[in-house]
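Participant: Submitted below is the structure of interest, expressed as structure tokens.
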Amino acid sequence: MSVDPYILLTRDQLDAQAVERLVADPGAGGVVAFVGLTRDHHLGRGVLGLEYEAHLILAEKMLAKLRDDAMQRFGLVRAAIHHRMGRVEIGEASVVIAVSSAHRAAAFDACRFLIDELKTTVPIWKKEFYSDGSEPVWVGPDGKPIAV
Amino acid sequence: MHVTVYYHAFLREKLGRESELLVLLNESPSAGSILNAFVAAHPEFTTLANSLNIAVNDEIVGSETSIQASDRIDLLPPYGGG
């Protein structure tokens, strides 16, 4: 696993405030965080929980690269991305992204950039489990089921 | 040349296996040859093949990248992080 504390894929519960503290800095005027939570419904169906898996080596590498890109592009002070692996229950955080910058606009923009890019460029996969007992489904970046 | 291809998530479950030995017919195969061999072995994935990424030795590569038999090759279905 990575020794970079700002990039983490973990089976443990995420602590959004800890990630915010990680990026706080005397040189930063603000911290913006995005916390993705497991929702109890999707496309009209009740959701019981999610399960995440990843190509761990590649996903860590790509998250670090994404962080580096955002740091440079938005002139951030610090940025962190923590993502859950394995089973995630309703209401729990699946992802926490926190960034700090001298001024707020860059932090808001960077946070949005990071979650949008994460969804389409990082090899992490999500399976949804439904309350109606139907077959669990792997969900793609557009939120729709992956199908052949 | 024979290569072992590793499957993840949707692909692994749909195929019911974690890896598979694929035969590449080209003399000097590329990542694109792997996709062709995959679709030849599993024609039901022809449409989805356009949305797959290939990782060689833990790097995403384009279809022109050349392949060695000893390479670690992962076929990656569409992502769903976040």
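The way I read the labels, and the way they are meant: chains A, B, ... in the order of the structure tokens, residue 1 as the first residue of every chain, and ligand 1 as the first ligand shown, with later ones counted on from there.
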What are the nearest atom pairs, with distances in Å to one decimal, for all residues of chain B that come at most 12 Å from chain A, using only C-alpha atoms, set out by chain and rising residue number as CSV?
Facilitator:
residue,atom,partner,partner_atom,distance
B:Tyr6,CA,A:His55,CA,10.4
B:Tyr7,CA,A:His55,CA,10.0
B:His8,CA,A:His55,CA,7.8
B:Ala9,CA,A:Trp125,CA,6.4
B:Phe10,CA,A:Trp138,CA,6.0
B:Leu11,CA,A:Val148,CA,9.6
B:Arg12,CA,A:Trp138,CA,11.3
B:Glu13,CA,A:Trp138,CA,9.8
B:Lys14,CA,A:Val148,CA,9.1
B:Leu15,CA,A:Val148,CA,11.2
B:Val39,CA,A:Val148,CA,11.7
B:His42,CA,A:Val148,CA,10.7
B:Pro43,CA,A:Val148,CA,9.9
B:Glu44,CA,A:Val148,CA,6.6
B:Phe45,CA,A:Val148,CA,5.6
B:Thr46,CA,A:Val148,CA,8.0
B:Thr47,CA,A:Val148,CA,6.7
B:Leu48,CA,A:Val148,CA,5.7
B:Ala49,CA,A:Val148,CA,9.0
B:Asn50,CA,A:Val148,CA,11.1
B:Ser51,CA,A:Ile146,CA,10.1
B:Leu52,CA,A:Pro123,CA,10.8
B:Asn53,CA,A:Pro123,CA,9.1
B:Ile54,CA,A:Pro123,CA,10.6
B:Ala55,CA,A:Leu58,CA,8.3
B:Val56,CA,A:Leu58,CA,10.1
B:Asn57,CA,A:Leu58,CA,9.2
B:Asp58,CA,A:Leu58,CA,5.4
B:Glu59,CA,A:Leu58,CA,6.7
B:Ile60,CA,A:Leu58,CA,8.2
B:Val61,CA,A:Leu58,CA,11.8
B:Ile73,CA,A:His55,CA,11.5
B:Asp74,CA,A:His55,CA,8.7
B:Leu75,CA,A:His55,CA,10.1
B:Leu76,CA,A:Pro123,CA,7.1
B:Pro77,CA,A:Trp125,CA,8.2
B:Pro78,CA,A:Gly140,CA,5.6
B:Tyr79,CA,A:Trp125,CA,5.3
B:Gly80,CA,A:Trp125,CA,4.5
B:Gly81,CA,A:Ile124,CA,4.8
B:Gly82,CA,A:Val95,CA,5.7
Participant: Got a sec to tell me which of chain A DSSP assigns to strand (DSSP E), as an MDAnalysis selection string?
Facilitator: chainID A and resid 7:10 30:37 41:42 45:54 78:84 86:89 93:101 124:130 137:139
Participant: Can you pull out every residue within 10 Å of Gly49 in chain A, counting only C-alpha atoms, but drop anything in the same chain fewer than 4 positions away, and send it as an MDAnalysis selection string?
Facilitator: chainID A and resid 38:41 87:92 127:131 136
Participant: Pull N, CA, C and O atoms from the residues just selected and write them as a PDB file, in the first residue's frame.
Facilitator:
ATOM      1  N   THR A  38     -23.074   6.644   0.723  1.00  0.00           N
ATOM      2  CA  THR A  38     -23.873   5.567   0.141  1.00  0.00           C
ATOM      3  C   THR A  38     -25.349   5.867   0.353  1.00  0.00           C
ATOM      4  O   THR A  38     -25.810   6.003   1.479  1.00  0.00           O
ATOM      5  N   ARG A  39     -26.074   5.993  -0.761  1.00  0.00           N
ATOM      6  CA  ARG A  39     -27.479   6.398  -0.768  1.00  0.00           C
ATOM      7  C   ARG A  39     -28.366   5.161  -0.750  1.00  0.00           C
ATOM      8  O   ARG A  39     -27.986   4.122  -1.282  1.00  0.00           O
ATOM      9  N   ASP A  40     -29.575   5.299  -0.162  1.00  0.00           N
ATOM     10  CA  ASP A  40     -30.439   4.122  -0.027  1.00  0.00           C
ATOM     11  C   ASP A  40     -31.325   3.869  -1.245  1.00  0.00           C
ATOM     12  O   ASP A  40     -32.193   3.009  -1.214  1.00  0.00           O
ATOM     13  N   HIS A  41     -31.119   4.621  -2.329  1.00  0.00           N
ATOM     14  CA  HIS A  41     -31.882   4.345  -3.551  1.00  0.00           C
ATOM     15  C   HIS A  41     -31.071   4.748  -4.773  1.00  0.00           C
ATOM     16  O   HIS A  41     -30.191   5.606  -4.690  1.00  0.00           O
ATOM     17  N   ARG A  87     -17.236  -3.722   1.420  1.00  0.00           N
ATOM     18  CA  ARG A  87     -18.642  -3.413   1.676  1.00  0.00           C
ATOM     19  C   ARG A  87     -18.795  -2.047   2.353  1.00  0.00           C
ATOM     20  O   ARG A  87     -18.085  -1.746   3.312  1.00  0.00           O
ATOM     21  N   VAL A  88     -19.728  -1.228   1.848  1.00  0.00           N
ATOM     22  CA  VAL A  88     -20.020   0.078   2.436  1.00  0.00           C
ATOM     23  C   VAL A  88     -21.518   0.157   2.695  1.00  0.00           C
ATOM     24  O   VAL A  88     -22.326  -0.037   1.790  1.00  0.00           O
ATOM     25  N   GLU A  89     -21.875   0.401   3.942  1.00  0.00           N
ATOM     26  CA  GLU A  89     -23.290   0.425   4.322  1.00  0.00           C
ATOM     27  C   GLU A  89     -23.908   1.790   4.004  1.00  0.00           C
ATOM     28  O   GLU A  89     -23.210   2.788   3.815  1.00  0.00           O
ATOM     29  N   ILE A  90     -25.252   1.829   3.989  1.00  0.00           N
ATOM     30  CA  ILE A  90     -25.997   3.063   3.711  1.00  0.00           C
ATOM     31  C   ILE A  90     -25.594   4.148   4.722  1.00  0.00           C
ATOM     32  O   ILE A  90     -25.490   3.893   5.920  1.00  0.00           O
ATOM     33  N   GLY A  91     -25.344   5.354   4.207  1.00  0.00           N
ATOM     34  CA  GLY A  91     -24.990   6.481   5.069  1.00  0.00           C
ATOM     35  C   GLY A  91     -23.500   6.598   5.338  1.00  0.00           C
ATOM     36  O   GLY A  91     -23.043   7.638   5.813  1.00  0.00           O
ATOM     37  N   GLU A  92     -22.748   5.552   5.037  1.00  0.00           N
ATOM     38  CA  GLU A  92     -21.293   5.635   5.229  1.00  0.00           C
ATOM     39  C   GLU A  92     -20.640   6.322   4.034  1.00  0.00           C
ATOM     40  O   GLU A  92     -21.150   6.292   2.917  1.00  0.00           O
ATOM     41  N   LYS A 127     -20.294  -2.249  -6.904  1.00  0.00           N
ATOM     42  CA  LYS A 127     -21.418  -3.162  -7.081  1.00  0.00           C
ATOM     43  C   LYS A 127     -22.530  -2.724  -6.139  1.00  0.00           C
ATOM     44  O   LYS A 127     -22.275  -2.479  -4.946  1.00  0.00           O
ATOM     45  N   GLU A 128     -23.755  -2.620  -6.675  1.00  0.00           N
ATOM     46  CA  GLU A 128     -24.911  -2.212  -5.865  1.00  0.00           C
ATOM     47  C   GLU A 128     -25.745  -3.427  -5.479  1.00  0.00           C
ATOM     48  O   GLU A 128     -26.054  -4.262  -6.330  1.00  0.00           O
ATOM     49  N   PHE A 129     -26.149  -3.468  -4.214  1.00  0.00           N
ATOM     50  CA  PHE A 129     -27.020  -4.532  -3.706  1.00  0.00           C
ATOM     51  C   PHE A 129     -28.396  -3.935  -3.419  1.00  0.00           C
ATOM     52  O   PHE A 129     -28.487  -2.890  -2.774  1.00  0.00           O
ATOM     53  N   TYR A 130     -29.466  -4.619  -3.873  1.00  0.00           N
ATOM     54  CA  TYR A 130     -30.809  -4.038  -3.826  1.00  0.00           C
ATOM     55  C   TYR A 130     -31.701  -4.683  -2.772  1.00  0.00           C
ATOM     56  O   TYR A 130     -31.582  -5.878  -2.481  1.00  0.00           O
ATOM     57  N   SER A 131     -32.625  -3.860  -2.271  1.00  0.00           N
ATOM     58  CA  SER A 131     -33.513  -4.341  -1.198  1.00  0.00           C
ATOM     59  C   SER A 131     -34.621  -5.254  -1.735  1.00  0.00           C
ATOM     60  O   SER A 131     -35.237  -5.987  -0.967  1.00  0.00           O
ATOM     61  N   PRO A 136     -27.418  -8.261  -7.686  1.00  0.00           N
ATOM     62  CA  PRO A 136     -26.559  -7.081  -7.569  1.00  0.00           C
ATOM     63  C   PRO A 136     -26.005  -6.682  -8.943  1.00  0.00           C
ATOM     64  O   PRO A 136     -25.867  -7.538  -9.816  1.00  0.00           O
TER      65      PRO A 136
END
Participant: Which residue, A:Asp25, A:Val19, A:Val32, A:Val77, has the smallest gap to Arg104 in chain A when you use only C-alpha atoms?
Facilitator: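 Among the listed residues, A:Val32 lies closest to Arg104 in chain A.
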Participant: Taking 3 positions as the minimum chain separation for residues in the same chain, which residues sit within 12 Å of Arg73 in chain A when counting only C-alpha atoms? Answer as an MDAnalysis selection string.
Facilitator: chainID A and resid 66:70 76:77 101 106:107 109:111 113:114
Participant: What would the file look like if the residues just selected were written as a short mmCIF file (atom, residue, chain, number, x, y, z; two decimals), in the first residue's frame with N, CA, C and O atoms?
Facilitator:
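File written: out.cif
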data_model
loop_
_atom_site.label_atom_id
_atom_site.label_comp_id
_atom_site.auth_asym_id
_atom_site.auth_seq_id
_atom_site.Cartn_x
_atom_site.Cartn_y
_atom_site.Cartn_z
N LEU A 66 -3.69 12.14 -10.30
CA LEU A 66 -4.83 13.06 -10.35
C LEU A 66 -4.64 14.19 -9.32
O LEU A 66 -4.87 15.36 -9.60
N ARG A 67 -4.22 13.81 -8.12
CA ARG A 67 -3.94 14.79 -7.07
C ARG A 67 -2.86 15.78 -7.55
O ARG A 67 -3.01 17.00 -7.42
N ASP A 68 -1.77 15.23 -8.12
CA ASP A 68 -0.68 16.08 -8.61
C ASP A 68 -1.18 17.04 -9.69
O ASP A 68 -0.82 18.22 -9.70
N ASP A 69 -1.99 16.52 -10.61
CA ASP A 69 -2.56 17.37 -11.68
C ASP A 69 -3.38 18.50 -11.08
O ASP A 69 -3.26 19.66 -11.50
N ALA A 70 -4.22 18.18 -10.09
CA ALA A 70 -5.09 19.19 -9.48
C ALA A 70 -4.27 20.22 -8.70
O ALA A 70 -4.56 21.42 -8.74
N LEU A 76 -3.11 24.44 -5.61
CA LEU A 76 -3.57 24.08 -4.26
C LEU A 76 -2.39 24.05 -3.29
O LEU A 76 -1.23 23.91 -3.68
N VAL A 77 -2.71 24.16 -2.01
CA VAL A 77 -1.69 23.98 -0.98
C VAL A 77 -1.53 22.48 -0.72
O VAL A 77 -0.43 21.95 -0.73
N SER A 101 -6.50 25.65 -0.27
CA SER A 101 -5.87 26.62 -1.17
C SER A 101 -5.88 27.98 -0.49
O SER A 101 -6.57 28.19 0.52
N ALA A 106 -10.44 28.36 -5.96
CA ALA A 106 -9.60 27.27 -6.46
C ALA A 106 -9.96 25.97 -5.74
O ALA A 106 -9.99 24.89 -6.35
N ALA A 107 -10.25 26.06 -4.45
CA ALA A 107 -10.56 24.85 -3.68
C ALA A 107 -11.88 24.24 -4.13
O ALA A 107 -11.99 23.02 -4.30
N ASP A 109 -13.33 24.61 -7.09
CA ASP A 109 -13.15 24.08 -8.46
C ASP A 109 -12.36 22.77 -8.44
O ASP A 109 -12.70 21.82 -9.16
N ALA A 110 -11.31 22.72 -7.63
CA ALA A 110 -10.44 21.54 -7.59
C ALA A 110 -11.20 20.33 -7.05
O ALA A 110 -11.05 19.21 -7.54
N CYS A 111 -12.03 20.55 -6.05
CA CYS A 111 -12.78 19.46 -5.44
C CYS A 111 -13.71 18.82 -6.47
O CYS A 111 -13.78 17.60 -6.60
N PHE A 113 -13.42 19.03 -9.77
CA PHE A 113 -12.56 18.41 -10.78
C PHE A 113 -12.12 17.02 -10.32
O PHE A 113 -12.19 16.04 -11.08
N LEU A 114 -11.70 16.90 -9.08
CA LEU A 114 -11.18 15.63 -8.57
C LEU A 114 -12.25 14.54 -8.54
O LEU A 114 -11.99 13.41 -8.96
#
Participant: Could you find all residues in chain B that DSSP calls helix (DSSP H, G or I) from the backbone, and write them as an MDAnalysis selection string?
Facilitator: chainID B and resid 9:15 31:41 43:45 48:51
Participant: So what do you get for CA of Ile81 in chain A versus CA of Val47 in chain A, distance-wise?
Facilitator: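 For CA of Ile81 in chain A relative to CA of Val47 in chain A, the distance reads 24.8 Å.
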Participant: Could you please determine the separation between CA of Leu9 in chain A and CA of Phe108 in chain A in Å, to one decimal place?
Facilitator: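 Separation of CA of Leu9 in chain A and CA of Phe108 in chain A: 22.9 Å.
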